[in-house]
Amino acid sequence: MNPEEQLKVQALLDGELPEREAREILSWTQRDSAAAGLLAELKNTRQALAQSGPRAGLPESREFFWSKIEREIQRLEPQVTPRPKASLAAVLRRWFLPAAAVGLAIAGVAAYFHGRTAPVEALMDAGAPVVETMLADADATIYRDVREGTTLVWFSPAAAGDPVRNPKPNAVN
Amino acid sequence: MNHSSADDEALVKAARQGDLAAFEELVFRHRDSLYARALSLTRHEQDAVDLSQEAWVKGWQRLAQFQGESRFATWMTRIVINLCLDHLRRQKRHRTDSIEELEEERGGVERHMPVVNLNPTAGLERAELRKKIDAALGQLTPEHRTVLVLHEFEDMDYKAIAKTVGCSLGTVMSRLYYARRKMAALLASAREES
C-alpha cells in the first residue's frame with residue numbers, strides 16, 4: 001500500500017471522499033486484507049478517542065478564576081466596562097431620593113423663616129407697634145400702636161398737587 | 001434576571017449590554033470544557049489555565065461579533081483553540097525538533113508501523129481508557145496532537161483544520177494519519193505493559 005492509498009483509506013473513514021471514490025475504496029478494502037486491517041485500526045483508534053474525550057476540570061475555584069478575568073476586563077476597559085443595567089427601583093432611588101431631599105430642605109428653610117415672622121395679630125395682641133403695608137395699589141402704609149391708641153396712615157409720594165396722595169401723615173383716632 | 005436559570009442565549013444578550021454577572025455565569029458554565037480543550041492542546045496545566053482565562057477576556061471584548069451562528073460554547077472554544085495554536089507556534093520557534101520529530105513531520109515513520117490488529121482499548125474501564133489515551137496524547141508532537149484533537153474532539157473536517165492551523169489539506173491528512181497510527185501503537189503497548 002502506498003502513502004496515497006493509506007490516506008485514501010483514512011479519508012474513507014472520515015467521510016472525506018466523493019461518493020464515487022468512496023465506493024471504489026470501500027470495495028478495495030473488502031478485497032485487500034492490508035487495507036482492511038488498516039481501516040479497522042483507524043476505526044478502533046477513532047472509537048477509543050470518541051469514548052474518552054478529554055474531561056479535565058479547571059484546577060481553580062470559580063471565584064478565583066472569575067476574579068482574574070474580571071480584573072483583566074476592567075484593566076483593559078476601565079472607562080467602558082459597563083455595569084449591569086439599573087432596575088426601575090434603582091432609577092427611582094437614584095433620581096427621586098435626592099430630589100425629595102432637596103425639596104424637604106427647602107421646605108425646612110421656609111418653615112424656619114416663616115416661624116420667625118410672627119403674625120400681625122399676635123404682635124398686636126402683645127401690644128407692640130405694627131407697621132403694615134396696605135392697599136398696595138394706593139401706596140398706603142399704616143402705623144398702628146394699640147397701647148398708644150394711635151393709627152397713622154401714609155400715602156406714598158404722588159404727582160405734585162394731588163392732595164390725596166400727598167405723604168402727609170393724617171391722624172385718625 | 002435570574003442568571004443561573006437563564007439559557008446561554010439570554011446570558012449572552014445580557015452580557016452584550018454590559019451585564020458582567022451574566023458573563024460570569026457563562027464563564028462558570030463553560031470554564032471546564034474550555035480548560036480541557038486548552039489542556040489537550042498544550043499539555044501544560046498552568047498554560048491551559050492562563051490561555052483559557054485569556055480566551056474569556058477576548059470573548060468579552062468580542063461579544064458584539066458573536067452573531068449566534070454557532071453555540072456560544074463552540075464560539076468560545078474556537079477562541080481558545082486559536083490562542084493555543086498561537087502559543088504553540090511561539091513555543092515552536094524556541095524549540096529544536098528532534099530527528100524523530102522531523103521524520104514525523106515528513107510523514108515517513110507511519111508507513112513502517114505494523115497494523116494493530118486487536119482493539120487495544122476493548123474491555124477497559126472508561127477512567128482507565130481516558131488515562132491511557134491522555135498519556136498517549138502527551139507523547140504526540142504538538143502538531144500531530146492539534147490535528148487529532150481538532151478532528152476527533154471538535155469534529156472539524158480536513159478543510160476547517162487546514163484553515164485553522166494554517167497548513168495544506170495534504171499536511172492535515174498526513175498528520176492525522178500519523179497521529180492515529182501512533183496512538184494505536186501507544187495504546188497497544190500500554191495494554192501489553194498492563
# chains A, B, ... in the order shown; residues from 1 in each chain; ligands from 1
$ closest_atom_pairs --of "chain B" --to "chain A" --cutoff "6 Å" --atoms "only C-alpha atoms" --output "JSON lines"
{"residue": "B:Gly18", "atom": "CA", "partner": "A:Pro82", "partner_atom": "CA", "distance": 4.6}
{"residue": "B:Asp19", "atom": "CA", "partner": "A:Pro84", "partner_atom": "CA", "distance": 4.4}
{"residue": "B:Asp32", "atom": "CA", "partner": "A:Gly57", "partner_atom": "CA", "distance": 4.9}
{"residue": "B:Tyr35", "atom": "CA", "partner": "A:Leu58", "partner_atom": "CA", "distance": 5.9}
{"residue": "B:Ala36", "atom": "CA", "partner": "A:Ala56", "partner_atom": "CA", "distance": 4.9}
{"residue": "B:Val116", "atom": "CA", "partner": "A:Glu41", "partner_atom": "CA", "distance": 5.9}
{"residue": "B:Asn119", "atom": "CA", "partner": "A:Asn44", "partner_atom": "CA", "distance": 5.8}
{"residue": "B:Arg130", "atom": "CA", "partner": "A:Ser52", "partner_atom": "CA", "distance": 5.0}
{"residue": "B:Ala184", "atom": "CA", "partner": "A:Thr45", "partner_atom": "CA", "distance": 5.9}
$ write_last_selection --atoms "C-alpha atoms" --output "PDB file, in the first residue's frame"
ATOM      1  CA  GLY B  18     -22.751  45.153  29.834  1.00  0.00           C
ATOM      2  CA  ASP B  19     -24.068  42.706  32.408  1.00  0.00           C
ATOM      3  CA  ASP B  32     -14.141  23.399  32.426  1.00  0.00           C
ATOM      4  CA  TYR B  35      -9.806  24.498  30.024  1.00  0.00           C
ATOM      5  CA  ALA B  36      -9.971  20.848  28.937  1.00  0.00           C
ATOM      6  CA  VAL B 116      -2.542  -3.111  15.270  1.00  0.00           C
ATOM      7  CA  ASN B 119      -8.727  -3.189  19.513  1.00  0.00           C
ATOM      8  CA  ARG B 130      -9.153   8.029  29.452  1.00  0.00           C
ATOM      9  CA  ALA B 184      -2.879   2.904  18.114  1.00  0.00           C
TER      10      ALA B 184
END
$ atom_distance --atom1 "CA of Ser40 (chain B)" --atom2 "CA of Phe153 (chain B)"
9.8 Å
$ atom_distance --atom1 "CA of Ile79 (chain B)" --atom2 "CA of Arg62 (chain B)"
10.0 Å
$ atom_distance --atom1 "CA of Glu125 (chain B)" --atom2 "CA of Leu12 (chain A)"
29.2 Å
$ residues_around --residues "His30 (chain B)" --least-positions-apart "2" --cutoff "10 Å" --atoms "only C-alpha atoms" --output "ChimeraX atom specification"
/B:25-28,32-35,56,72-74,76-77
$ write_last_selection --atoms "N, CA and C atoms" --output "JSON list (two decimals), in the first residue's frame"
[["chain", "number", "residue", "atom", "x", "y", "z"],
["B", 25, "GLU", "N", -21.68, 34.04, 34.73],
["B", 25, "GLU", "CA", -22.43, 32.78, 34.70],
["B", 25, "GLU", "C", -22.00, 31.94, 33.49],
["B", 26, "LEU", "N", -21.76, 32.60, 32.35],
["B", 26, "LEU", "CA", -21.29, 31.87, 31.16],
["B", 26, "LEU", "C", -19.92, 31.26, 31.42],
["B", 27, "VAL", "N", -19.07, 32.02, 32.09],
["B", 27, "VAL", "CA", -17.73, 31.51, 32.42],
["B", 27, "VAL", "C", -17.87, 30.28, 33.31],
["B", 28, "PHE", "N", -18.75, 30.40, 34.30],
["B", 28, "PHE", "CA", -18.94, 29.29, 35.24],
["B", 28, "PHE", "C", -19.41, 28.03, 34.50],
["B", 32, "ASP", "N", -14.81, 24.71, 32.41],
["B", 32, "ASP", "CA", -14.14, 23.40, 32.43],
["B", 32, "ASP", "C", -13.88, 22.88, 31.01],
["B", 33, "SER", "N", -14.87, 23.03, 30.13],
["B", 33, "SER", "CA", -14.67, 22.49, 28.77],
["B", 33, "SER", "C", -13.60, 23.29, 28.02],
["B", 34, "LEU", "N", -13.57, 24.58, 28.27],
["B", 34, "LEU", "CA", -12.54, 25.41, 27.60],
["B", 34, "LEU", "C", -11.15, 25.05, 28.12],
["B", 35, "TYR", "N", -11.09, 24.87, 29.43],
["B", 35, "TYR", "CA", -9.81, 24.50, 30.02],
["B", 35, "TYR", "C", -9.36, 23.13, 29.50],
["B", 56, "TRP", "N", -11.44, 33.93, 27.73],
["B", 56, "TRP", "CA", -12.66, 34.54, 28.29],
["B", 56, "TRP", "C", -12.60, 36.06, 28.19],
["B", 72, "PHE", "N", -22.71, 29.34, 21.73],
["B", 72, "PHE", "CA", -21.73, 30.21, 22.40],
["B", 72, "PHE", "C", -20.49, 29.41, 22.81],
["B", 73, "ALA", "N", -20.73, 28.19, 23.33],
["B", 73, "ALA", "CA", -19.61, 27.35, 23.79],
["B", 73, "ALA", "C", -18.67, 27.02, 22.63],
["B", 74, "THR", "N", -19.25, 26.76, 21.46],
["B", 74, "THR", "CA", -18.44, 26.44, 20.28],
["B", 74, "THR", "C", -17.61, 27.66, 19.87],
["B", 76, "MET", "N", -16.65, 30.11, 21.79],
["B", 76, "MET", "CA", -15.58, 30.32, 22.77],
["B", 76, "MET", "C", -14.45, 29.30, 22.58],
["B", 77, "THR", "N", -14.84, 28.07, 22.23],
["B", 77, "THR", "CA", -13.82, 27.03, 22.03],
["B", 77, "THR", "C", -12.90, 27.39, 20.87]]
$ closest_residue --among "B:Ala10, B:Ala64, B:Ala15, B:Ile81" --to "Glu154 (chain B)" --atoms "only C-alpha atoms"
B:Ile81
$ residues_around --residues "region 171-174 of chain B" --least-positions-apart "2" --cutoff "10 Å" --atoms "only C-alpha atoms" --output "count of residues only"
35
$ select_by_dssp --residues "region 3-180 of chain B" --states "alpha helix (DSSP H)" --output "ChimeraX atom specification"
/B:8-16,20-42,45-61,72-93,99-106,126-138,142-152,158-165,169-180
$ closest_residue --among "B:Leu20, B:Cys84, B:Leu63, B:Val149" --to "Asp50 (chain B)" --atoms "only C-alpha atoms"
B:Cys84
$ residues_around --residues "Ala48 (chain B)" --least-positions-apart "5" --cutoff "7 Å" --atoms "only C-alpha atoms" --output "NGL selection string"
:B and (35 or 38-39 or 42)
$ write_last_selection --atoms "N, CA and C atoms" --output "PDB file, in the first residue's frame"
ATOM      1  N   TYR B  35     -11.093  24.867  29.427  1.00  0.00           N
ATOM      2  CA  TYR B  35      -9.806  24.498  30.024  1.00  0.00           C
ATOM      3  C   TYR B  35      -9.355  23.126  29.496  1.00  0.00           C
ATOM      4  N   ALA B  38      -7.936  23.489  26.097  1.00  0.00           N
ATOM      5  CA  ALA B  38      -6.602  24.108  26.147  1.00  0.00           C
ATOM      6  C   ALA B  38      -5.568  23.109  26.660  1.00  0.00           C
ATOM      7  N   LEU B  39      -5.972  22.321  27.630  1.00  0.00           N
ATOM      8  CA  LEU B  39      -5.036  21.339  28.192  1.00  0.00           C
ATOM      9  C   LEU B  39      -4.715  20.242  27.179  1.00  0.00           C
ATOM     10  N   THR B  42      -2.188  21.966  24.774  1.00  0.00           N
ATOM     11  CA  THR B  42      -0.887  22.431  25.288  1.00  0.00           C
ATOM     12  C   THR B  42      -0.174  21.401  26.155  1.00  0.00           C
TER      13      THR B  42
END
